[in-house]
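Engineer: This is the structure I want to talk about, given as structure tokens.
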Amino acid sequence: MQKTMKAAVAYQFGAPLKIEDVPIPQIVPGKILIKVMASGVCHTDLHAIQGDWPVKPTLPFIPGHEGAGIVVAVGKDVTFIKEGDRVGIPWLYTACGHCQFCLTGWETLCESQQNTGYSVNGCFAEYVLADPNYVAHIPSQLDFIPAASILCAGLTVYKGIKETDTKPGEWIVIWGIGGLGHLAVQYAKAMGLHVVAIDIHEAQLQLARELKADIVIDAAKEDAVKRVNEEIKGAHGVLVTAVSAEVFSQSVKMLRRHGTAAFVGLPPGEFKLSIFDMVLNRKTIRGSIVGTRADLAECLSFAAEGKVAVRYTVDSLENINTIFKKMKNGEISGRIVMKIGEEDAAIYPKELISTIDLSNGNKVTIRPVKVDDKESLQDFIRHLSNQNKHSQFMENFKELSSDVLKRMTQIDYDQEMVLLATCHKDGKEMIIGMARYIVNPDKTSCESIIVVADAWQNQKIGRQLLDHLTKIAKSKGFIAITGLILASNVEMIELVKHVGFTISNSDDPTMKNAIKTL
């Protein structure tokens, strides 16, 4: 892995971030290193670099708390996260784990918590160090870019809706249909609630209509409090995402008796509250700050199932200062997500890729690929399908992949590594082997060497395997192998012995020959 990474660094409050090369964080015991694929940009990031909250970040720092990426290194004593996992880095970076709040499922209130991109360096960088206990597992159906905004914006409104104590069939008001509010409308609908959407901008109001809000109110043209109280007799719950203190006062007035308002917007200042109204009508108001790890898993599931979709624009890390300028001017509709890492580089770590020039003029590229369950393999198949357009490749690959998936459901295995190699001939690619499945290519059409070897014990053995494959490949051609290893010649058997793999029984002629030779 390279020693430095690109990052956006804040050196002075109120000043533009500097895009520069900084050292990649060193992996330490108890932590994981994540290659950031995408990072959302949140209004909290703007507050962080402006330094306008009571508790300020310590300069210099790297902002960003909506990072989605792939684990590329795991520290000592980390046993439940592994390299290759798809994870998200949320606002709650870590908490103490033993205070009254942590022990009762309210880690977001822990007084010892640290926050990503605020008290510790965040995700506006190619790599970020994270606490494995507090990252989210991103479902395989959810791509990195749409997942990024769920980690904060989605989580914040999902938890806020839960805090209103509304039940399916009841009415909730979402006041402010921007980056947060458009997600709130969708979560509320998915949770079985009737939704009143309120805003003062026509674009946001139109978005609310598209998202099937039951009632849409332009607060700039009519009395929103009056309409809500007259049309639905007041709301059971109100979620305020807007950043206007006056809206906070009005939201309480549109609650019906025994209603609850939850506030997630953070404007400066104070708001007026009628004590008489609060007491006699038994109204409740609550502040809500992001959500717990359980909340995050839930709201990611909604998105993975297609019930919630982020409206976003993709941008780049280099444009972060322009993004913040647009944010300050209110020129952003939905969310902005920066594409930071290349997925191909994350799936194929550069230091473990070997390209071999064979004596017959062919080239062989050997790449390590982690495939530890059916969903991972499906992800990988989708990735290959998107990356390879050659007709020869697709013809062979489609035939192979369906059978591979079928066989994988019948195999018991435990977090093993698969080494996948592809053959290049006449400008076209062929999948020769994958994931414990034997493919015996016609030697006349493919003379180069393709090897699939699983059950890597660690990266060191994987490196040894690649080294040996390279030496053998430069001088000989042989048949594709896989299994708990299958081999068809003496050289491969020696390689199997060297790395300590075992041979299992099989009726396949190639395997029988290998076992007989041993």
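Naming works like this for the structure tokens: A, B, ... for the chains as they're shown, residue 1 at the start of each chain, ligands 1 onward in shown order.
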List the spatial neighbours of A:Leu142 as a list in words - criterion: any atom at most 12 Å away, only C-alpha atoms, same-chain residues fewer than 6 positions off excluded.

Structural biologist: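 Contacts, with the query itself left out: Ala68, Gly69, Arg86, Val87, Gly88, Ala148, Ser149, Ile150, Cys299, Leu300, Ser301, Phe302, Ala303, Ala304, Glu305, Gly306, Lys307, Val308, Ala309, Val310, Glu375 and Asp379 of chain A.
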
Engineer: Within 12 Å of stretch 91-108 of chain A, counting only C-alpha atoms, which residues qualify if same-chain residues fewer than 2 places away don't, as a ChimeraX atom specification?

Structural biologist: /A:30-31,40-42,44-45,63-67,88-89,110-123,128-136,148-156,159,288-296

Engineer: Compare A:Ser274, A:Ser333, A:Ser316, A:Thr284 by their minimum atom-to-atom distance to A:Lys6, counting only C-alpha atoms, and give me the closest one.

Structural biologist: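 Nearest candidate to A:Lys6 out of A:Ser274, A:Ser333, A:Ser316, A:Thr284: A:Ser316.
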
Engineer: Counting only C-alpha atoms, figure out which residue out of A:Lys167, A:Arg311, A:Lys326, A:Arg227 gets nearest to A:Leu211.

Structural biologist: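 Of A:Lys167, A:Arg311, A:Lys326, A:Arg227, the one nearest A:Leu211 is A:Arg311, counting only C-alpha atoms.
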
Engineer: Figure out the distance between atom CA of A:Phe144 and atom CA of A:Gly84, please, to one decimal in Å.

Structural biologist: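 Rounded to one decimal, the two atoms are 13.5 Å apart.
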
Engineer: For a test of reading the model, state the distance in Å between atom CA of A:Gly169 and atom CA of A:Ala213, rounded to one decimal.

Structural biologist: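 Interatomic distance here is 13.6 Å.
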
Engineer: What's the 7 Å shell around A:Ile215, counting only C-alpha atoms, without same-chain residues fewer than 6 positions away, as a PyMOL selection string?

Structural biologist: chain A and resi 195-197

Engineer: Go through A:Leu266, A:Ala38, A:Ala7, A:Ile198 and flag the residue nearest A:Gly287, using only C-alpha atoms for the distances.

Structural biologist: A:Leu266

Engineer: Would you please extract all strand (DSSP E or B) residues from stretch 85-238 of chain A, as assigned by DSSP on the backbone, and give them as a PDB file with N, CA, C and O atoms, in the first residue's frame?

Structural biologist:
ATOM      1  N   ARG A  86     -17.729  -4.480   3.610  1.00  0.00           N
ATOM      2  CA  ARG A  86     -18.272  -3.189   3.164  1.00  0.00           C
ATOM      3  C   ARG A  86     -18.874  -2.501   4.384  1.00  0.00           C
ATOM      4  O   ARG A  86     -19.833  -2.998   4.977  1.00  0.00           O
ATOM      5  N   VAL A  87     -18.328  -1.364   4.746  1.00  0.00           N
ATOM      6  CA  VAL A  87     -18.761  -0.721   5.985  1.00  0.00           C
ATOM      7  C   VAL A  87     -18.988   0.773   5.799  1.00  0.00           C
ATOM      8  O   VAL A  87     -18.522   1.384   4.832  1.00  0.00           O
ATOM      9  N   GLY A  88     -19.694   1.361   6.761  1.00  0.00           N
ATOM     10  CA  GLY A  88     -19.915   2.793   6.783  1.00  0.00           C
ATOM     11  C   GLY A  88     -19.393   3.382   8.076  1.00  0.00           C
ATOM     12  O   GLY A  88     -19.449   2.741   9.134  1.00  0.00           O
ATOM     13  N   ILE A  89     -18.845   4.597   7.987  1.00  0.00           N
ATOM     14  CA  ILE A  89     -18.293   5.282   9.155  1.00  0.00           C
ATOM     15  C   ILE A  89     -19.218   6.435   9.505  1.00  0.00           C
ATOM     16  O   ILE A  89     -19.249   7.445   8.810  1.00  0.00           O
ATOM     17  N   LEU A  92     -21.038   8.923  15.030  1.00  0.00           N
ATOM     18  CA  LEU A  92     -20.578   8.359  16.304  1.00  0.00           C
ATOM     19  C   LEU A  92     -19.379   7.448  16.036  1.00  0.00           C
ATOM     20  O   LEU A  92     -19.536   6.296  15.658  1.00  0.00           O
ATOM     21  N   TYR A  93     -18.195   7.989  16.251  1.00  0.00           N
ATOM     22  CA  TYR A  93     -16.966   7.253  15.960  1.00  0.00           C
ATOM     23  C   TYR A  93     -16.736   6.163  16.997  1.00  0.00           C
ATOM     24  O   TYR A  93     -16.363   5.036  16.666  1.00  0.00           O
ATOM     25  N   THR A  94     -16.932   6.507  18.270  1.00  0.00           N
ATOM     26  CA  THR A  94     -16.761   5.550  19.352  1.00  0.00           C
ATOM     27  C   THR A  94     -17.394   6.105  20.610  1.00  0.00           C
ATOM     28  O   THR A  94     -17.689   7.305  20.703  1.00  0.00           O
ATOM     29  N   GLN A 114     -16.551  10.062  20.870  1.00  0.00           N
ATOM     30  CA  GLN A 114     -15.793  10.810  19.877  1.00  0.00           C
ATOM     31  C   GLN A 114     -16.604  10.816  18.588  1.00  0.00           C
ATOM     32  O   GLN A 114     -17.374   9.893  18.329  1.00  0.00           O
ATOM     33  N   ASN A 115     -16.417  11.863  17.805  1.00  0.00           N
ATOM     34  CA  ASN A 115     -17.230  12.021  16.595  1.00  0.00           C
ATOM     35  C   ASN A 115     -16.358  12.129  15.355  1.00  0.00           C
ATOM     36  O   ASN A 115     -15.391  12.892  15.325  1.00  0.00           O
ATOM     37  N   THR A 116     -16.720  11.349  14.354  1.00  0.00           N
ATOM     38  CA  THR A 116     -15.959  11.296  13.099  1.00  0.00           C
ATOM     39  C   THR A 116     -15.960  12.653  12.411  1.00  0.00           C
ATOM     40  O   THR A 116     -16.993  13.295  12.260  1.00  0.00           O
ATOM     41  N   VAL A 120     -12.151  13.397  15.846  1.00  0.00           N
ATOM     42  CA  VAL A 120     -11.135  12.556  15.200  1.00  0.00           C
ATOM     43  C   VAL A 120     -11.229  12.786  13.701  1.00  0.00           C
ATOM     44  O   VAL A 120     -12.264  13.217  13.192  1.00  0.00           O
ATOM     45  N   ALA A 125     -11.166  11.861   2.813  1.00  0.00           N
ATOM     46  CA  ALA A 125      -9.828  11.335   2.556  1.00  0.00           C
ATOM     47  C   ALA A 125      -9.956   9.967   1.900  1.00  0.00           C
ATOM     48  O   ALA A 125     -11.028   9.348   1.916  1.00  0.00           O
ATOM     49  N   TYR A 127      -8.427   7.259   2.850  1.00  0.00           N
ATOM     50  CA  TYR A 127      -8.437   6.226   3.885  1.00  0.00           C
ATOM     51  C   TYR A 127      -8.828   6.851   5.215  1.00  0.00           C
ATOM     52  O   TYR A 127      -8.561   8.034   5.466  1.00  0.00           O
ATOM     53  N   VAL A 128      -9.456   6.051   6.071  1.00  0.00           N
ATOM     54  CA  VAL A 128      -9.812   6.533   7.398  1.00  0.00           C
ATOM     55  C   VAL A 128      -9.687   5.380   8.389  1.00  0.00           C
ATOM     56  O   VAL A 128      -9.985   4.228   8.078  1.00  0.00           O
ATOM     57  N   LEU A 129      -9.211   5.702   9.587  1.00  0.00           N
ATOM     58  CA  LEU A 129      -9.111   4.725  10.667  1.00  0.00           C
ATOM     59  C   LEU A 129     -10.427   4.723  11.423  1.00  0.00           C
ATOM     60  O   LEU A 129     -11.016   5.786  11.647  1.00  0.00           O
ATOM     61  N   ALA A 130     -10.919   3.555  11.812  1.00  0.00           N
ATOM     62  CA  ALA A 130     -12.228   3.490  12.464  1.00  0.00           C
ATOM     63  C   ALA A 130     -12.239   2.471  13.590  1.00  0.00           C
ATOM     64  O   ALA A 130     -11.399   1.570  13.659  1.00  0.00           O
ATOM     65  N   ALA A 136     -20.907   0.606  10.492  1.00  0.00           N
ATOM     66  CA  ALA A 136     -22.116  -0.081  10.035  1.00  0.00           C
ATOM     67  C   ALA A 136     -21.766  -1.026   8.900  1.00  0.00           C
ATOM     68  O   ALA A 136     -20.908  -0.719   8.072  1.00  0.00           O
ATOM     69  N   HIS A 137     -22.413  -2.165   8.850  1.00  0.00           N
ATOM     70  CA  HIS A 137     -22.238  -3.087   7.730  1.00  0.00           C
ATOM     71  C   HIS A 137     -23.224  -2.692   6.629  1.00  0.00           C
ATOM     72  O   HIS A 137     -24.432  -2.659   6.856  1.00  0.00           O
ATOM     73  N   TRP A 171     -50.610  10.511  11.814  1.00  0.00           N
ATOM     74  CA  TRP A 171     -50.108  11.627  11.017  1.00  0.00           C
ATOM     75  C   TRP A 171     -48.812  12.183  11.578  1.00  0.00           C
ATOM     76  O   TRP A 171     -48.702  12.401  12.795  1.00  0.00           O
ATOM     77  N   ILE A 172     -47.854  12.418  10.685  1.00  0.00           N
ATOM     78  CA  ILE A 172     -46.612  13.077  11.066  1.00  0.00           C
ATOM     79  C   ILE A 172     -46.348  14.231  10.100  1.00  0.00           C
ATOM     80  O   ILE A 172     -46.588  14.115   8.894  1.00  0.00           O
ATOM     81  N   VAL A 173     -45.887  15.344  10.651  1.00  0.00           N
ATOM     82  CA  VAL A 173     -45.481  16.484   9.840  1.00  0.00           C
ATOM     83  C   VAL A 173     -43.968  16.459   9.674  1.00  0.00           C
ATOM     84  O   VAL A 173     -43.242  16.300  10.658  1.00  0.00           O
ATOM     85  N   ILE A 174     -43.501  16.566   8.456  1.00  0.00           N
ATOM     86  CA  ILE A 174     -42.070  16.741   8.196  1.00  0.00           C
ATOM     87  C   ILE A 174     -41.891  18.191   7.758  1.00  0.00           C
ATOM     88  O   ILE A 174     -42.354  18.582   6.680  1.00  0.00           O
ATOM     89  N   TRP A 175     -41.253  18.991   8.594  1.00  0.00           N
ATOM     90  CA  TRP A 175     -41.082  20.412   8.275  1.00  0.00           C
ATOM     91  C   TRP A 175     -39.649  20.638   7.793  1.00  0.00           C
ATOM     92  O   TRP A 175     -38.707  20.570   8.552  1.00  0.00           O
ATOM     93  N   HIS A 194     -48.972   8.589   7.729  1.00  0.00           N
ATOM     94  CA  HIS A 194     -49.480   9.589   6.804  1.00  0.00           C
ATOM     95  C   HIS A 194     -48.612  10.827   6.970  1.00  0.00           C
ATOM     96  O   HIS A 194     -48.291  11.231   8.089  1.00  0.00           O
ATOM     97  N   VAL A 195     -48.215  11.446   5.852  1.00  0.00           N
ATOM     98  CA  VAL A 195     -47.206  12.501   5.900  1.00  0.00           C
ATOM     99  C   VAL A 195     -47.737  13.847   5.415  1.00  0.00           C
ATOM    100  O   VAL A 195     -48.337  13.940   4.343  1.00  0.00           O
ATOM    101  N   VAL A 196     -47.484  14.874   6.238  1.00  0.00           N
ATOM    102  CA  VAL A 196     -47.677  16.258   5.829  1.00  0.00           C
ATOM    103  C   VAL A 196     -46.285  16.841   5.608  1.00  0.00           C
ATOM    104  O   VAL A 196     -45.448  16.822   6.519  1.00  0.00           O
ATOM    105  N   ALA A 197     -46.011  17.325   4.415  1.00  0.00           N
ATOM    106  CA  ALA A 197     -44.708  17.911   4.099  1.00  0.00           C
ATOM    107  C   ALA A 197     -44.840  19.423   4.005  1.00  0.00           C
ATOM    108  O   ALA A 197     -45.720  19.930   3.306  1.00  0.00           O
ATOM    109  N   ILE A 198     -43.966  20.146   4.713  1.00  0.00           N
ATOM    110  CA  ILE A 198     -44.023  21.605   4.726  1.00  0.00           C
ATOM    111  C   ILE A 198     -42.665  22.175   4.332  1.00  0.00           C
ATOM    112  O   ILE A 198     -41.622  21.722   4.826  1.00  0.00           O
ATOM    113  N   ASP A 199     -42.684  23.177   3.451  1.00  0.00           N
ATOM    114  CA  ASP A 199     -41.467  23.886   3.069  1.00  0.00           C
ATOM    115  C   ASP A 199     -41.882  25.235   2.507  1.00  0.00           C
ATOM    116  O   ASP A 199     -43.075  25.542   2.408  1.00  0.00           O
ATOM    117  N   ILE A 215     -50.119  15.321   2.179  1.00  0.00           N
ATOM    118  CA  ILE A 215     -50.466  16.738   2.140  1.00  0.00           C
ATOM    119  C   ILE A 215     -49.174  17.535   1.983  1.00  0.00           C
ATOM    120  O   ILE A 215     -48.195  17.268   2.682  1.00  0.00           O
ATOM    121  N   VAL A 216     -49.167  18.492   1.076  1.00  0.00           N
ATOM    122  CA  VAL A 216     -47.994  19.332   0.859  1.00  0.00           C
ATOM    123  C   VAL A 216     -48.411  20.786   1.085  1.00  0.00           C
ATOM    124  O   VAL A 216     -49.379  21.264   0.481  1.00  0.00           O
ATOM    125  N   ILE A 217     -47.672  21.482   1.951  1.00  0.00           N
ATOM    126  CA  ILE A 217     -48.040  22.844   2.328  1.00  0.00           C
ATOM    127  C   ILE A 217     -46.883  23.799   2.056  1.00  0.00           C
ATOM    128  O   ILE A 217     -45.752  23.555   2.484  1.00  0.00           O
ATOM    129  N   ASP A 218     -47.184  24.888   1.373  1.00  0.00           N
ATOM    130  CA  ASP A 218     -46.220  25.966   1.139  1.00  0.00           C
ATOM    131  C   ASP A 218     -46.401  26.983   2.267  1.00  0.00           C
ATOM    132  O   ASP A 218     -47.346  27.787   2.257  1.00  0.00           O
ATOM    133  N   ALA A 235     -51.375  17.071  14.278  1.00  0.00           N
ATOM    134  CA  ALA A 235     -50.559  15.886  13.966  1.00  0.00           C
ATOM    135  C   ALA A 235     -50.201  15.114  15.228  1.00  0.00           C
ATOM    136  O   ALA A 235     -50.043  15.681  16.309  1.00  0.00           O
ATOM    137  N   HIS A 236     -50.074  13.793  15.072  1.00  0.00           N
ATOM    138  CA  HIS A 236     -49.609  12.960  16.188  1.00  0.00           C
ATOM    139  C   HIS A 236     -48.137  13.222  16.484  1.00  0.00           C
ATOM    140  O   HIS A 236     -47.689  13.087  17.624  1.00  0.00           O
ATOM    141  N   GLY A 237     -47.393  13.575  15.435  1.00  0.00           N
ATOM    142  CA  GLY A 237     -45.964  13.845  15.600  1.00  0.00           C
ATOM    143  C   GLY A 237     -45.484  14.875  14.599  1.00  0.00           C
ATOM    144  O   GLY A 237     -46.067  15.020  13.516  1.00  0.00           O
ATOM    145  N   VAL A 238     -44.447  15.600  14.956  1.00  0.00           N
ATOM    146  CA  VAL A 238     -43.820  16.562  14.051  1.00  0.00           C
ATOM    147  C   VAL A 238     -42.309  16.357  14.120  1.00  0.00           C
ATOM    148  O   VAL A 238     -41.738  16.247  15.210  1.00  0.00           O
TER     149      VAL A 238
END

Engineer: My list of candidates is A:Ala224, A:Val55, A:Leu205, A:Ile19. Which is closest to A:Leu317 when distances are computed with only C-alpha atoms?

Structural biologist: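 Among the listed residues, A:Ile19 lies closest to A:Leu317.
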
Engineer: Name the closest residue to A:Ala242 among the candidates A:Val157, A:Ile336, A:Ala188, A:Val279; distances are taken between atoms, counting only C-alpha atoms.

Structural biologist: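 Comparing A:Val157, A:Ile336, A:Ala188, A:Val279 against A:Ala242, the winner is A:Val157.
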